[in-house]
Amino acid sequence: MKFPSLGFVTLAALVTVAPSASAQITYLQNDSWTGGAVSCHTGVGLDESIAAKLTAAPGQYPYTIDRIRVFGCGGGQNPYVVLIYQDDGSGVNPGPLIWQSQNAYLLSGANTFNDILMSDEPVPPPPITSGTIRVTLYNILDFGGIGFGADVNGIIPQRNFFRSATGVWSFAENQSVTGDWILRVGILNPGSPCLTQTVVVVPDGRLTTKTLGAGAEAWFGASLQIGNSYSAEFKKTSGDSIPLGTLTPFSGDDGCSGTSTMTYRETASIDPGSGAASRRISFTAAGTSTFFRARLDNGAGPSMPISFSWSDTTLFSPAWSTNGSYDTYYSFQNTTGAAMGGTLTLLDASGAVLSTFGVSIPPGQTMSVNTASLAVSRNRTGTAKLSHDGPPGAILAEAVIANFSISPAFVQPVKFQAVRDGR
């Protein structure tokens, strides 16, 4: 049985969450723990593993694995790799290996759930079409301290496992574990609208139409660039003022969980206002997974025609310089009646981020800054971008590369504009 070493995996970011209900995800689990005390088992050492055997209900196949959720306790943190086996037999050893993570995940023992998102994997697990799986967490580097929670309500025999560093499997109840591992698999059922009905949107401002069914929900998704800013707008085209419904955006890391962790700003009332029968939000894409979604819920409303668009509002500039006595000067005008915030990012010639600076612009005013006042490293060049929390057109930017130590002064205007906020 071959297990990976730390040299063959990438240490990935991990979502640490409190337990919560999910509208889209169903959890396969043996435990019945809903809060309170847990039995904390520490001492899972290097090359050792814990595992749980899980079976879906007949109507849940085929299912897609969205995440692995495990309760960490005892303090500390250790990196773990995930392995999934087919496990239709009744013995202590699993069946064939179905999938193994390419990332290692740094699990926390801070008495909380750790969510391992399959969207972070270069190749996620295949759909599970039938049978039982064994989900295994394998310790690839032992920092010490982390433990795993077990249900104080008891243990189901032959559903929980421990694997020694020498590769010997045993039932957890034979290793003094008295409760089910709080180790769960979040699955997406085949009928989930997030999976089957998501309309893929090109984030360049193009306008698309759709009919939102009576009392129905609609899902939209777009592949975004982490660090860029975006505006998403959904609007009724029938001309009346009946409210459109509830818009909930989801980051890439949220997946189809139904629970949003995304930070965004409502902008429908910011000029140019989009009206009461619309929903418009602005946000900067953050996290690791790049496919973002939005759910528009019609509630009890009637069927209605809508238009929707997704715009990249990031402003781009092809050059800046601090070579010799040259500096680059920026002027940002807020064209709206609301305060605007953003981030100015200077990238070097290779495209790597060199510096980032917060930008705050009062309503209807201008904010100016330059590379000298920002203490940018000398004798550097590159490109720049500005992400912000306003609707398309909220910020008008100008840039010049200038040298005022020579006569006459050298002043070279440089473009600084949004290029994907409309078509």
# chains A, B, ... in the order shown; residues from 1 in each chain; ligands from 1
$ select_by_dssp --residues "region 183-265 of chain A" --states "strand (DSSP E or B)" --output "ChimeraX atom specification"
/A:183-188,199-200,204,208-212,217-223,229-236,246-250,265
$ residues_around --residues "Thr336 (chain A)" --least-positions-apart "3" --cutoff "7 Å" --atoms "only C-alpha atoms" --output "list in words"
Ile270, Asp271, Pro363, Gly364 and Ala394 of chain A
$ residues_around --residues "region 343-346 of chain A" --least-positions-apart "2" --cutoff "12 Å" --atoms "only C-alpha atoms" --output "number ranges by chain"
A: 227-229, 283-284, 314-322, 328, 330-332, 340-341, 348-361, 368-371, 374, 376-377, 380-389, 397, 416
$ closest_residue --among "A:Ala56, A:Val82, A:Leu117, A:Val400" --to "Asp254 (chain A)" --atoms "only C-alpha atoms"
A:Leu117
$ residues_around --residues "Thr248 (chain A)" --least-positions-apart "4" --cutoff "9 Å" --atoms "only C-alpha atoms" --output "compact mmCIF listing (two decimals) with all heavy atoms, in the first residue's frame"
# COMPACT_ATOMS: atom_id res chain seq x y z
N SER A 260 -23.02 31.16 2.08
CA SER A 260 -22.10 32.13 1.49
C SER A 260 -21.17 32.71 2.54
O SER A 260 -21.59 33.11 3.62
CB SER A 260 -22.89 33.27 0.84
OG SER A 260 -22.01 34.27 0.36
N ARG A 293 -20.32 31.77 -7.98
CA ARG A 293 -21.72 31.57 -8.33
C ARG A 293 -22.60 32.63 -7.68
O ARG A 293 -22.21 33.27 -6.71
CB ARG A 293 -22.21 30.18 -7.87
CG ARG A 293 -21.56 29.01 -8.60
CD ARG A 293 -22.05 27.70 -7.99
NE ARG A 293 -21.65 26.53 -8.76
CZ ARG A 293 -20.50 25.88 -8.60
NH1 ARG A 293 -19.63 26.31 -7.70
NH2 ARG A 293 -20.23 24.82 -9.33
N ALA A 294 -23.81 32.76 -8.22
CA ALA A 294 -24.84 33.61 -7.61
C ALA A 294 -26.17 32.90 -7.77
O ALA A 294 -26.46 32.32 -8.82
CB ALA A 294 -24.88 34.98 -8.28
N ARG A 295 -26.98 32.93 -6.70
CA ARG A 295 -28.31 32.31 -6.73
C ARG A 295 -29.36 33.41 -6.62
O ARG A 295 -29.34 34.22 -5.69
CB ARG A 295 -28.46 31.33 -5.56
CG ARG A 295 -29.82 30.60 -5.55
CD ARG A 295 -29.93 29.71 -4.32
NE ARG A 295 -29.97 30.49 -3.10
CZ ARG A 295 -29.49 30.07 -1.93
NH1 ARG A 295 -28.88 28.90 -1.84
NH2 ARG A 295 -29.58 30.84 -0.86
N LEU A 296 -30.27 33.43 -7.58
CA LEU A 296 -31.38 34.38 -7.58
C LEU A 296 -32.65 33.62 -7.25
O LEU A 296 -33.07 32.74 -8.00
CB LEU A 296 -31.49 35.07 -8.94
CG LEU A 296 -32.55 36.18 -9.06
CD1 LEU A 296 -32.26 37.31 -8.08
CD2 LEU A 296 -32.58 36.71 -10.49
N ASP A 297 -33.23 33.92 -6.09
CA ASP A 297 -34.40 33.20 -5.58
C ASP A 297 -35.65 34.04 -5.77
O ASP A 297 -35.78 35.13 -5.20
CB ASP A 297 -34.17 32.87 -4.09
CG ASP A 297 -35.22 31.91 -3.55
OD1 ASP A 297 -36.23 31.68 -4.23
OD2 ASP A 297 -35.02 31.41 -2.43
$ closest_residue --among "A:Gln24, A:Ile50, A:Leu347, A:Phe148" --to "Ser108 (chain A)" --atoms "only C-alpha atoms"
A:Phe148
